[in-house]
$ cat my_file_37.tsv   # TSV, C-alpha atoms (C1' of nucleotides)
chain	number	residue	atom	x	y	z
A	1	MET	CA	-80.29	-36.90	-11.12
A	2	LYS	CA	-80.86	-37.44	-14.83
A	3	GLY	CA	-77.42	-37.11	-16.39
A	4	LEU	CA	-76.69	-33.90	-14.53
A	5	LYS	CA	-73.40	-33.38	-12.84
A	6	SER	CA	-73.66	-32.68	-9.19
A	7	THR	CA	-72.14	-29.32	-8.44
A	8	ARG	CA	-72.05	-27.21	-5.33
A	9	GLN	CA	-74.37	-24.64	-6.90
A	10	ARG	CA	-76.93	-27.17	-8.04
A	11	ASP	CA	-77.05	-28.78	-4.63
A	12	ILE	CA	-77.61	-25.43	-2.97
A	13	ILE	CA	-80.29	-24.35	-5.42
A	14	LEU	CA	-82.12	-27.67	-5.24
A	15	ASP	CA	-82.00	-27.56	-1.48
A	16	CYS	CA	-83.41	-24.08	-1.32
A	17	PHE	CA	-86.06	-24.81	-3.91
A	18	LEU	CA	-87.24	-27.98	-2.18
A	19	SER	CA	-87.23	-26.48	1.29
A	20	SER	CA	-90.22	-24.28	0.61
A	21	ASP	CA	-93.67	-24.70	-0.88
A	22	ARG	CA	-93.62	-21.29	-2.46
A	23	HIS	CA	-94.11	-20.79	-6.15
A	24	PHE	CA	-90.73	-19.17	-6.66
A	25	SER	CA	-89.85	-16.73	-9.34
A	26	ILE	CA	-86.18	-16.81	-10.28
A	27	GLU	CA	-85.73	-13.38	-8.79
A	28	GLU	CA	-87.10	-14.49	-5.43
A	29	LEU	CA	-85.08	-17.66	-5.42
A	30	TYR	CA	-81.95	-15.79	-6.39
A	31	LEU	CA	-82.33	-13.24	-3.62
A	32	LEU	CA	-82.99	-15.95	-1.08
A	33	LEU	CA	-79.94	-17.87	-2.24
A	34	ARG	CA	-77.69	-14.84	-2.19
A	35	ALA	CA	-78.46	-14.33	1.48
A	36	LYS	CA	-76.70	-17.56	2.41
A	37	HIS	CA	-74.46	-18.12	-0.57
A	38	PRO	CA	-73.23	-14.83	-2.00
A	39	GLY	CA	-71.21	-16.48	-4.71
A	40	ILE	CA	-74.06	-17.83	-6.79
A	41	GLY	CA	-74.70	-16.12	-10.11
A	42	TYR	CA	-77.92	-15.00	-11.64
A	43	ALA	CA	-77.42	-16.97	-14.81
A	44	THR	CA	-76.75	-20.12	-12.87
A	45	VAL	CA	-80.08	-19.90	-11.10
A	46	TYR	CA	-81.85	-19.44	-14.40
A	47	ARG	CA	-79.99	-22.29	-16.03
A	48	THR	CA	-80.43	-24.59	-13.10
A	49	MET	CA	-84.16	-24.10	-12.70
A	50	LYS	CA	-84.63	-24.65	-16.38
A	51	LEU	CA	-82.64	-27.83	-16.04
A	52	PHE	CA	-84.75	-28.96	-13.10
A	53	ALA	CA	-87.86	-28.38	-15.15
A	54	GLU	CA	-86.45	-30.45	-17.99
A	55	SER	CA	-85.47	-33.28	-15.73
A	56	GLY	CA	-88.90	-33.40	-14.11
A	57	ILE	CA	-88.06	-32.06	-10.67
A	58	ALA	CA	-89.80	-28.75	-11.18
A	59	ARG	CA	-92.58	-27.34	-13.28
A	60	GLU	CA	-92.51	-23.92	-14.84
A	61	ILE	CA	-95.70	-21.93	-14.50
A	62	GLN	CA	-96.79	-18.47	-15.51
A	63	PHE	CA	-99.47	-16.44	-13.88
A	64	GLY	CA	-99.34	-13.54	-16.27
A	65	ASP	CA	-97.30	-11.26	-14.03
A	66	GLY	CA	-94.44	-11.35	-16.48
A	67	GLN	CA	-92.21	-13.72	-14.55
A	68	SER	CA	-91.88	-17.47	-14.74
A	69	ARG	CA	-92.36	-19.34	-11.52
A	70	TYR	CA	-91.36	-22.84	-10.51
A	71	GLU	CA	-93.12	-25.34	-8.31
A	72	HIS	CA	-92.22	-28.82	-7.12
A	73	LEU	CA	-93.32	-31.58	-9.40
A	74	LEU	CA	-93.84	-34.75	-7.45
A	75	GLU	CA	-94.17	-38.09	-9.26
A	76	GLY	CA	-97.20	-38.15	-11.47
A	77	GLU	CA	-98.86	-35.53	-9.37
A	78	HIS	CA	-100.82	-32.83	-11.11
A	79	HIS	CA	-102.76	-29.88	-9.87
A	80	ASP	CA	-104.13	-26.56	-11.03
A	81	HIS	CA	-104.16	-23.13	-9.44
A	82	LEU	CA	-106.43	-20.56	-7.89
A	83	VAL	CA	-104.75	-17.17	-7.89
A	84	CYS	CA	-105.90	-14.21	-5.86
A	85	THR	CA	-105.53	-11.17	-8.06
A	86	ARG	CA	-105.44	-8.88	-5.06
A	87	CYS	CA	-102.81	-10.39	-2.76
A	88	GLY	CA	-101.20	-12.90	-5.07
A	89	ALA	CA	-102.01	-15.91	-2.90
A	90	ILE	CA	-101.88	-19.18	-4.76
A	91	VAL	CA	-103.96	-22.21	-3.84
A	92	GLU	CA	-103.46	-25.55	-5.51
A	93	PHE	CA	-106.35	-27.86	-6.30
A	94	GLU	CA	-107.15	-31.03	-8.14
A	95	ASN	CA	-110.40	-31.97	-9.75
A	96	GLU	CA	-110.70	-35.31	-11.43
A	97	THR	CA	-114.04	-34.53	-13.05
A	98	ILE	CA	-112.67	-31.45	-14.77
A	99	GLU	CA	-109.73	-33.47	-16.06
A	100	GLN	CA	-112.05	-36.10	-17.49
A	101	LEU	CA	-114.17	-33.47	-19.19
A	102	GLN	CA	-111.04	-31.95	-20.69
A	103	THR	CA	-110.01	-35.25	-22.17
A	104	GLU	CA	-113.50	-35.66	-23.55
A	105	VAL	CA	-113.52	-32.21	-25.13
A	106	ALA	CA	-110.14	-32.87	-26.69
A	107	ARG	CA	-111.29	-36.21	-28.05
A	108	LEU	CA	-114.32	-34.60	-29.69
A	109	HIS	CA	-111.98	-32.26	-31.53
A	110	GLY	CA	-109.58	-35.01	-32.54
A	111	PHE	CA	-106.84	-33.95	-30.13
A	112	THR	CA	-104.73	-36.14	-27.91
A	113	ILE	CA	-103.95	-34.12	-24.81
A	114	VAL	CA	-100.37	-33.91	-23.69
A	115	SER	CA	-100.78	-31.34	-20.97
A	116	HIS	CA	-103.08	-28.59	-19.85
A	117	LYS	CA	-103.16	-25.40	-17.93
A	118	LEU	CA	-106.07	-24.32	-15.78
A	119	GLU	CA	-105.91	-21.20	-13.70
A	120	LEU	CA	-108.77	-19.56	-11.88
A	121	TYR	CA	-108.27	-15.89	-11.06
A	122	GLY	CA	-110.33	-14.26	-8.37
A	123	ILE	CA	-110.45	-12.74	-4.92
A	124	CYS	CA	-109.67	-14.86	-1.89
A	125	SER	CA	-111.76	-14.77	1.24
A	126	SER	CA	-109.38	-12.68	3.31
A	127	CYS	CA	-109.10	-10.04	0.62
A	128	ARG	CA	-112.86	-9.95	0.28
A	129	SER	CA	-113.54	-9.26	3.95
B	1	MET	CA	-115.72	3.28	-30.35
B	2	LYS	CA	-115.34	3.89	-26.62
B	3	GLY	CA	-113.83	7.38	-26.42
B	4	LEU	CA	-111.20	6.53	-29.00
B	5	LYS	CA	-110.43	8.88	-31.80
B	6	SER	CA	-110.82	7.37	-35.20
B	7	THR	CA	-107.52	7.56	-37.02
B	8	ARG	CA	-106.33	6.18	-40.30
B	9	GLN	CA	-104.02	3.73	-38.50
B	10	ARG	CA	-106.65	2.44	-36.13
B	11	ASP	CA	-109.09	1.86	-38.94
B	12	ILE	CA	-106.52	-0.11	-40.88
B	13	ILE	CA	-105.47	-2.19	-37.89
B	14	LEU	CA	-109.03	-2.94	-36.83
B	15	ASP	CA	-109.89	-3.90	-40.36
B	16	CYS	CA	-106.98	-6.27	-40.64
B	17	PHE	CA	-107.58	-7.75	-37.21
B	18	LEU	CA	-111.28	-8.37	-37.83
B	19	SER	CA	-110.80	-9.76	-41.32
B	20	SER	CA	-109.22	-12.96	-40.04
B	21	ASP	CA	-110.00	-15.53	-37.41
B	22	ARG	CA	-106.34	-16.06	-36.61
B	23	HIS	CA	-105.01	-15.61	-33.13
B	24	PHE	CA	-102.59	-12.90	-34.12
B	25	SER	CA	-99.38	-12.06	-32.39
B	26	ILE	CA	-98.40	-8.41	-32.74
B	27	GLU	CA	-95.47	-9.45	-34.90
B	28	GLU	CA	-97.71	-11.32	-37.34
B	29	LEU	CA	-100.24	-8.53	-37.46
B	30	TYR	CA	-97.51	-5.96	-37.96
B	31	LEU	CA	-95.94	-7.85	-40.86
B	32	LEU	CA	-99.31	-8.36	-42.49
B	33	LEU	CA	-100.13	-4.67	-42.12
B	34	ARG	CA	-96.78	-3.54	-43.48
B	35	ALA	CA	-97.44	-5.42	-46.69
B	36	LYS	CA	-100.33	-3.11	-47.58
B	37	HIS	CA	-99.56	-0.07	-45.48
B	38	PRO	CA	-95.81	0.51	-45.17
B	39	GLY	CA	-96.21	3.61	-43.08
B	40	ILE	CA	-97.57	1.97	-39.95
B	41	GLY	CA	-95.24	1.82	-36.98
B	42	TYR	CA	-94.49	-1.03	-34.66
B	43	ALA	CA	-95.39	0.89	-31.54
B	44	THR	CA	-98.71	1.89	-33.01
B	45	VAL	CA	-99.72	-1.71	-33.54
B	46	TYR	CA	-98.80	-2.55	-29.95
B	47	ARG	CA	-100.62	0.45	-28.57
B	48	THR	CA	-103.66	-0.08	-30.71
B	49	MET	CA	-104.12	-3.75	-29.89
B	50	LYS	CA	-103.77	-3.00	-26.23
B	51	LEU	CA	-106.41	-0.33	-26.65
B	52	PHE	CA	-108.70	-2.74	-28.43
B	53	ALA	CA	-108.29	-5.17	-25.57
B	54	GLU	CA	-109.16	-2.48	-23.05
B	55	SER	CA	-112.21	-1.37	-24.95
B	56	GLY	CA	-113.51	-4.90	-25.26
B	57	ILE	CA	-113.00	-5.51	-28.96
B	58	ALA	CA	-110.14	-7.95	-28.51
B	59	ARG	CA	-108.88	-10.31	-25.86
B	60	GLU	CA	-105.22	-10.82	-25.10
B	61	ILE	CA	-104.15	-14.43	-24.69
B	62	GLN	CA	-100.88	-16.17	-24.06
B	63	PHE	CA	-99.99	-19.68	-25.05
B	64	GLY	CA	-96.61	-19.77	-23.41
B	65	ASP	CA	-94.61	-19.19	-26.59
B	66	GLY	CA	-93.44	-15.87	-25.23
B	67	GLN	CA	-95.69	-13.66	-27.31
B	68	SER	CA	-99.08	-12.18	-26.59
B	69	ARG	CA	-101.81	-12.98	-29.04
B	70	TYR	CA	-105.13	-11.31	-29.68
B	71	GLU	CA	-108.46	-12.79	-30.62
B	72	HIS	CA	-111.87	-11.29	-31.38
B	73	LEU	CA	-114.05	-10.84	-28.36
B	74	LEU	CA	-117.71	-10.97	-29.27
B	75	GLU	CA	-120.34	-9.78	-26.78
B	76	GLY	CA	-120.31	-11.80	-23.61
B	77	GLU	CA	-118.87	-14.73	-25.46
B	78	HIS	CA	-116.28	-16.88	-23.72
B	79	HIS	CA	-114.30	-19.85	-24.86
B	80	ASP	CA	-111.14	-21.78	-24.08
B	81	HIS	CA	-108.47	-23.24	-26.34
B	82	LEU	CA	-107.05	-26.45	-27.63
B	83	VAL	CA	-103.54	-25.88	-28.94
B	84	CYS	CA	-101.65	-28.31	-31.14
B	85	THR	CA	-98.09	-28.31	-29.93
B	86	ARG	CA	-96.86	-29.67	-33.26
B	87	CYS	CA	-98.41	-27.36	-35.86
B	88	GLY	CA	-99.68	-24.56	-33.64
B	89	ALA	CA	-103.30	-24.99	-34.70
B	90	ILE	CA	-105.76	-23.46	-32.25
B	91	VAL	CA	-109.30	-24.70	-31.75
B	92	GLU	CA	-111.79	-22.85	-29.59
B	93	PHE	CA	-114.28	-24.63	-27.40
B	94	GLU	CA	-116.83	-23.98	-24.71
B	95	ASN	CA	-117.89	-26.31	-21.96
B	96	GLU	CA	-120.51	-25.18	-19.54
B	97	THR	CA	-120.01	-28.10	-17.18
B	98	ILE	CA	-116.32	-27.33	-16.76
B	99	GLU	CA	-117.16	-23.71	-16.02
B	100	GLN	CA	-119.62	-24.75	-13.35
B	101	LEU	CA	-117.11	-27.06	-11.74
B	102	GLN	CA	-114.56	-24.26	-11.70
B	103	THR	CA	-116.93	-22.00	-9.85
B	104	GLU	CA	-117.63	-24.78	-7.41
B	105	VAL	CA	-113.93	-25.46	-6.79
B	106	ALA	CA	-113.34	-21.76	-6.22
B	107	ARG	CA	-116.24	-21.54	-3.81
B	108	LEU	CA	-114.88	-24.43	-1.78
B	109	HIS	CA	-111.63	-22.52	-1.37
B	110	GLY	CA	-113.34	-19.27	-0.51
B	111	PHE	CA	-112.52	-17.58	-3.83
B	112	THR	CA	-114.80	-15.50	-5.98
B	113	ILE	CA	-113.75	-16.09	-9.56
B	114	VAL	CA	-113.14	-13.10	-11.75
B	115	SER	CA	-111.71	-14.87	-14.76
B	116	HIS	CA	-110.02	-18.06	-15.75
B	117	LYS	CA	-107.70	-19.55	-18.27
B	118	LEU	CA	-108.01	-23.07	-19.58
B	119	GLU	CA	-105.74	-24.36	-22.27
B	120	LEU	CA	-105.37	-27.91	-23.46
B	121	TYR	CA	-102.13	-28.74	-25.23
B	122	GLY	CA	-101.88	-31.79	-27.41
B	123	ILE	CA	-101.56	-33.18	-30.89
B	124	CYS	CA	-104.29	-32.59	-33.43
B	125	SER	CA	-105.62	-35.32	-35.67
B	126	SER	CA	-103.80	-34.24	-38.83
B	127	CYS	CA	-100.45	-34.10	-37.03
B	128	ARG	CA	-101.07	-37.52	-35.55
B	129	SER	CA	-101.71	-39.24	-38.87
C	1	DT	C1'	-53.78	-37.63	-10.45
C	2	DG	C1'	-54.46	-36.08	-15.24
C	3	DT	C1'	-57.51	-34.82	-18.60
C	4	DA	C1'	-61.55	-34.31	-21.33
C	5	DT	C1'	-65.80	-32.20	-20.66
C	6	DA	C1'	-69.33	-29.64	-18.23
C	7	DT	C1'	-70.44	-25.78	-15.37
C	8	DT	C1'	-69.90	-21.25	-13.58
C	9	DG	C1'	-70.15	-15.97	-13.08
C	10	DA	C1'	-70.07	-11.55	-15.11
C	11	DA	C1'	-71.12	-9.03	-18.71
C	12	DA	C1'	-73.11	-8.45	-23.07
C	13	DA	C1'	-76.87	-9.80	-25.95
C	14	DT	C1'	-81.66	-10.81	-27.03
C	15	DC	C1'	-86.56	-10.64	-27.08
C	16	DA	C1'	-90.94	-8.78	-26.43
C	17	DC	C1'	-92.69	-5.06	-25.26
C	18	DT	C1'	-93.16	0.16	-23.49
C	19	DT	C1'	-91.98	4.84	-23.19
C	20	DT	C1'	-90.30	9.24	-24.84
C	21	DC	C1'	-90.65	13.10	-27.65
C	22	DA	C1'	-91.12	16.10	-31.45
C	23	DA	C1'	-94.01	16.11	-35.50
C	24	DT	C1'	-98.59	15.39	-37.21
C	25	DA	C1'	-103.50	14.58	-37.29
C	26	DA	C1'	-108.46	14.75	-35.20
C	27	DC	C1'	-112.11	17.01	-33.05
C	28	DG	C1'	-114.95	20.81	-31.61
C	29	DG	C1'	-116.08	25.40	-31.69
C	30	DT	C1'	-116.39	29.57	-34.68
D	1	DA	C1'	-112.88	26.07	-43.88
D	2	DC	C1'	-109.80	27.82	-40.08
D	3	DC	C1'	-107.80	27.53	-35.31
D	4	DG	C1'	-106.44	26.01	-31.22
D	5	DT	C1'	-106.45	22.19	-28.04
D	6	DT	C1'	-105.47	17.68	-27.28
D	7	DA	C1'	-104.62	12.94	-28.83
D	8	DT	C1'	-101.99	9.99	-31.81
D	9	DT	C1'	-98.04	8.66	-34.47
D	10	DG	C1'	-93.28	6.77	-35.76
D	11	DA	C1'	-88.55	6.24	-34.69
D	12	DA	C1'	-85.53	5.48	-31.46
D	13	DA	C1'	-84.25	4.75	-26.84
D	14	DG	C1'	-85.46	2.34	-22.67
D	15	DT	C1'	-87.23	-1.77	-19.80
D	16	DG	C1'	-87.33	-6.08	-17.60
D	17	DA	C1'	-86.97	-10.84	-17.94
D	18	DT	C1'	-84.31	-14.22	-19.67
D	19	DT	C1'	-80.28	-16.17	-22.58
D	20	DT	C1'	-75.90	-16.40	-24.47
D	21	DT	C1'	-70.93	-15.78	-24.63
D	22	DC	C1'	-66.53	-16.78	-23.03
D	23	DA	C1'	-62.63	-17.41	-20.19
D	24	DA	C1'	-61.91	-19.43	-15.72
D	25	DT	C1'	-62.93	-23.27	-12.77
D	26	DA	C1'	-64.86	-27.57	-11.18
D	27	DT	C1'	-66.31	-32.54	-11.98
D	28	DA	C1'	-66.19	-37.24	-13.42
D	29	DC	C1'	-63.86	-40.96	-14.83
D	30	DA	C1'	-59.81	-43.49	-16.85
$ encode --input "my_file_37.tsv" --output "C-alpha cells"
Amino acid sequence: MKGLKSTRQRDIILDCFLSSDRHFSIEELYLLLRAKHPGIGYATVYRTMKLFAESGIAREIQFGDGQSRYEHLLEGEHHDHLVCTRCGAIVEFENETIEQLQTEVARLHGFTIVSHKLELYGICSSCRS
Amino acid sequence: MKGLKSTRQRDIILDCFLSSDRHFSIEELYLLLRAKHPGIGYATVYRTMKLFAESGIAREIQFGDGQSRYEHLLEGEHHDHLVCTRCGAIVEFENETIEQLQTEVARLHGFTIVSHKLELYGICSSCRS
DNA sequence: TGTATATTGAAAATCACTTTCAATAACGGT
DNA sequence: ACCGTTATTGAAAGTGATTTTCAATATACA
C-alpha cells in the first residue's frame, strides 16, 4: 500500500471496509469494528479512512446527511448515485453520455474537469408502493 | 414574504444577499454585514438564511469545503455548477439534455427524481494559463 | 535486536452550525 | 398611539462530526 505502514488496526479496518458493499459512514464502520475488535479507537478509524481515500483505495462521498461516507474505489472505475430520500437506499449507476456532456459543458466554459459529483435524489420503487 | 415578519435585520440581510451574485457562505455574509451593521448577530444570519431557503428566496448548496453556501433562487430556475478547485470561481450552467438523461437513468432504476446535484470540479481557463 | 520513526487511543480541541433564554421588537386590534 | 400577544434577536452555551494533541506503543529497517 502506498507508503503506509501495515499495522494491525489498518489491516482490520481495510478488511472490514472491503468486505461489504455498503457506503459506510465512519460511525457505522466504527461500531461494526468494535463488535469484533474492541480495542480500536475512534480517531484511528477516522484517520485510516482518510488515508485510504488519499491512497486511492476509497472515495469519500457526502449525501447531505451531515456525515461523510466511504465507498470502494476500484481502478479507474467511476459511478454516480441515486439516493432514496425516504429509506436511504443508494444505487450506483454509470452513464457515459452524461459524462461526455459534462466534459463538453466544461469545455464551453473554459474548464478542464478534474472530477465531478452527480447525485439524483428521489423515491425508490419500494418506498413508492 | 411568506408569513415572515419584516424586521430590520431581515431587511438588511436580504438586501445584502440580493445585492451580489456571489455564492455566499454564512461566514462571508456575516462579515460583510458586520461592516455596515455591527449590531447583527451570528445566529440571526444563520436563522435568516435558512428561512430564506425555506421560503424559496435562496437555495442552500454545498461544494464540499465544509460550509453551506447560499445562492439566489429565481422562479422555477435551475442550474448546476462548475467549480474551479484552484481559485474557487463558480460558474453556473444549465443543460437540458443532461437533465433528461438523469430522469431516464432514474426511471430505469425505478426512482422518481425529486432533486439532483451536479457539480463539475476542475481548473478554469485563467488558472490554467 | 536496537533504534529512529510512525501509529495508536483517549481526551481535549475545533469547526460549523443550532438551540436556549431573557430582552426586545412587530403586528393587530382598540 | 397604546397594549397585549407572539415572533425575533443576540450572546452564550450546546451539538455533532471530525481533528488534533500527546504520551505510550508498535513497525520497519540497519
$ residues_around --input "my_file_37.tsv" --residues "DA30 (chain D)" --least-positions-apart "2" --cutoff "10 Å" --atoms "all atoms listed in the file" --output "VMD selection string"
(chain C and resid 2 to 3) or (chain D and resid 28)
$ residues_around --input "my_file_37.tsv" --residues "DT19 (chain C)" --least-positions-apart "5" --cutoff "9 Å" --atoms "all atoms listed in the file" --output "PyMOL selection string"
chain D and resi 13-15
$ interface_residues --input "my_file_37.tsv" --of "chain B" --to "chain C" --cutoff "9 Å" --atoms "all atoms listed in the file" --output "JSON, numbers by chain"
{"B": [5, 6, 7, 43, 46, 66, 67, 68]}
$ atom_distance --input "my_file_37.tsv" --atom1 "CA of Ser20 (chain A)" --atom2 "CA of Thr97 (chain A)"
29.3 Å
$ axis_aligned_box --input "my_file_37.tsv" --around "region 8-18 of chain D" --padding-each-side "8 Å" --output "lines of an AutoDock Vina configuration file"
center_x = -93.1
center_y = -2.1
center_z = -26.7
size_x = 33.7
size_y = 40.2
size_z = 34.2
$ residues_around --input "my_file_37.tsv" --residues "Val105 (chain A)" --least-positions-apart "3" --cutoff "10 Å" --atoms "only C-alpha atoms (C1' of nucleotides)" --output "PDB file with C-alpha atoms, keeping the file's coordinate frame"
ATOM      1  CA  GLU A  99    -109.730 -33.470 -16.060  1.00  0.00           C
ATOM      2  CA  GLN A 100    -112.050 -36.100 -17.490  1.00  0.00           C
ATOM      3  CA  LEU A 101    -114.170 -33.470 -19.190  1.00  0.00           C
ATOM      4  CA  GLN A 102    -111.040 -31.950 -20.690  1.00  0.00           C
ATOM      5  CA  LEU A 108    -114.320 -34.600 -29.690  1.00  0.00           C
ATOM      6  CA  HIS A 109    -111.980 -32.260 -31.530  1.00  0.00           C
ATOM      7  CA  GLY A 110    -109.580 -35.010 -32.540  1.00  0.00           C
ATOM      8  CA  PHE A 111    -106.840 -33.950 -30.130  1.00  0.00           C
ATOM      9  CA  ILE A 113    -103.950 -34.120 -24.810  1.00  0.00           C
TER      10      ILE A 113
ATOM     11  CA  LEU B  82    -107.050 -26.450 -27.630  1.00  0.00           C
ATOM     12  CA  PHE B  93    -114.280 -24.630 -27.400  1.00  0.00           C
ATOM     13  CA  GLU B  94    -116.830 -23.980 -24.710  1.00  0.00           C
ATOM     14  CA  ASN B  95    -117.890 -26.310 -21.960  1.00  0.00           C
ATOM     15  CA  LEU B 120    -105.370 -27.910 -23.460  1.00  0.00           C
TER      16      LEU B 120
END
$ build_atoms --input "my_file_37.tsv" --residues "region 77-99 of chain B" --atoms "N, CA and C atoms" --output "JSON list (two decimals), keeping the file's coordinate frame"
[["chain", "number", "residue", "atom", "x", "y", "z"],
["B", 77, "GLU", "N", -119.27, -13.39, -25.08],
["B", 77, "GLU", "CA", -118.87, -14.73, -25.46],
["B", 77, "GLU", "C", -117.60, -15.14, -24.72],
["B", 78, "HIS", "N", -117.51, -16.40, -24.33],
["B", 78, "HIS", "CA", -116.28, -16.88, -23.72],
["B", 78, "HIS", "C", -115.95, -18.27, -24.23],
["B", 79, "HIS", "N", -114.67, -18.50, -24.45],
["B", 79, "HIS", "CA", -114.30, -19.85, -24.86],
["B", 79, "HIS", "C", -112.87, -20.13, -24.42],
["B", 80, "ASP", "N", -112.49, -21.38, -24.43],
["B", 80, "ASP", "CA", -111.14, -21.78, -24.08],
["B", 80, "ASP", "C", -110.47, -22.35, -25.32],
["B", 81, "HIS", "N", -109.23, -22.81, -25.15],
["B", 81, "HIS", "CA", -108.47, -23.24, -26.34],
["B", 81, "HIS", "C", -107.82, -24.60, -26.26],
["B", 82, "LEU", "N", -107.81, -25.23, -27.42],
["B", 82, "LEU", "CA", -107.05, -26.45, -27.63],
["B", 82, "LEU", "C", -105.91, -26.02, -28.53],
["B", 83, "VAL", "N", -104.68, -26.31, -28.14],
["B", 83, "VAL", "CA", -103.54, -25.88, -28.94],
["B", 83, "VAL", "C", -102.73, -27.09, -29.37],
["B", 84, "CYS", "N", -102.48, -27.21, -30.66],
["B", 84, "CYS", "CA", -101.65, -28.31, -31.14],
["B", 84, "CYS", "C", -100.19, -27.90, -30.98],
["B", 85, "THR", "N", -99.48, -28.69, -30.22],
["B", 85, "THR", "CA", -98.09, -28.31, -29.93],
["B", 85, "THR", "C", -97.17, -28.63, -31.11],
["B", 86, "ARG", "N", -97.70, -29.35, -32.10],
["B", 86, "ARG", "CA", -96.86, -29.67, -33.26],
["B", 86, "ARG", "C", -97.00, -28.57, -34.32],
["B", 87, "CYS", "N", -98.23, -28.31, -34.75],
["B", 87, "CYS", "CA", -98.41, -27.36, -35.86],
["B", 87, "CYS", "C", -98.93, -26.00, -35.41],
["B", 88, "GLY", "N", -99.24, -25.87, -34.12],
["B", 88, "GLY", "CA", -99.68, -24.56, -33.64],
["B", 88, "GLY", "C", -101.14, -24.26, -33.88],
["B", 89, "ALA", "N", -101.87, -25.20, -34.45],
["B", 89, "ALA", "CA", -103.30, -24.99, -34.70],
["B", 89, "ALA", "C", -104.03, -24.70, -33.39],
["B", 90, "ILE", "N", -105.00, -23.83, -33.45],
["B", 90, "ILE", "CA", -105.76, -23.46, -32.25],
["B", 90, "ILE", "C", -107.24, -23.69, -32.50],
["B", 91, "VAL", "N", -107.86, -24.44, -31.63],
["B", 91, "VAL", "CA", -109.30, -24.70, -31.75],
["B", 91, "VAL", "C", -109.97, -24.11, -30.52],
["B", 92, "GLU", "N", -111.08, -23.43, -30.72],
["B", 92, "GLU", "CA", -111.79, -22.85, -29.59],
["B", 92, "GLU", "C", -112.90, -23.79, -29.15],
["B", 93, "PHE", "N", -113.15, -23.82, -27.87],
["B", 93, "PHE", "CA", -114.28, -24.63, -27.40],
["B", 93, "PHE", "C", -114.91, -24.01, -26.16],
["B", 94, "GLU", "N", -116.13, -24.44, -25.90],
["B", 94, "GLU", "CA", -116.83, -23.98, -24.71],
["B", 94, "GLU", "C", -117.34, -25.20, -23.99],
["B", 95, "ASN", "N", -117.32, -25.19, -22.68],
["B", 95, "ASN", "CA", -117.89, -26.31, -21.96],
["B", 95, "ASN", "C", -118.50, -25.80, -20.66],
["B", 96, "GLU", "N", -119.77, -25.74, -20.67],
["B", 96, "GLU", "CA", -120.51, -25.18, -19.54],
["B", 96, "GLU", "C", -120.29, -25.96, -18.24],
["B", 97, "THR", "N", -120.19, -27.28, -18.38],
["B", 97, "THR", "CA", -120.01, -28.10, -17.18],
["B", 97, "THR", "C", -118.67, -27.81, -16.51],
["B", 98, "ILE", "N", -117.63, -27.66, -17.32],
["B", 98, "ILE", "CA", -116.32, -27.33, -16.76],
["B", 98, "ILE", "C", -116.39, -25.99, -16.03],
["B", 99, "GLU", "N", -117.06, -25.04, -16.65],
["B", 99, "GLU", "CA", -117.16, -23.71, -16.02],
["B", 99, "GLU", "C", -117.84, -23.80, -14.65]]
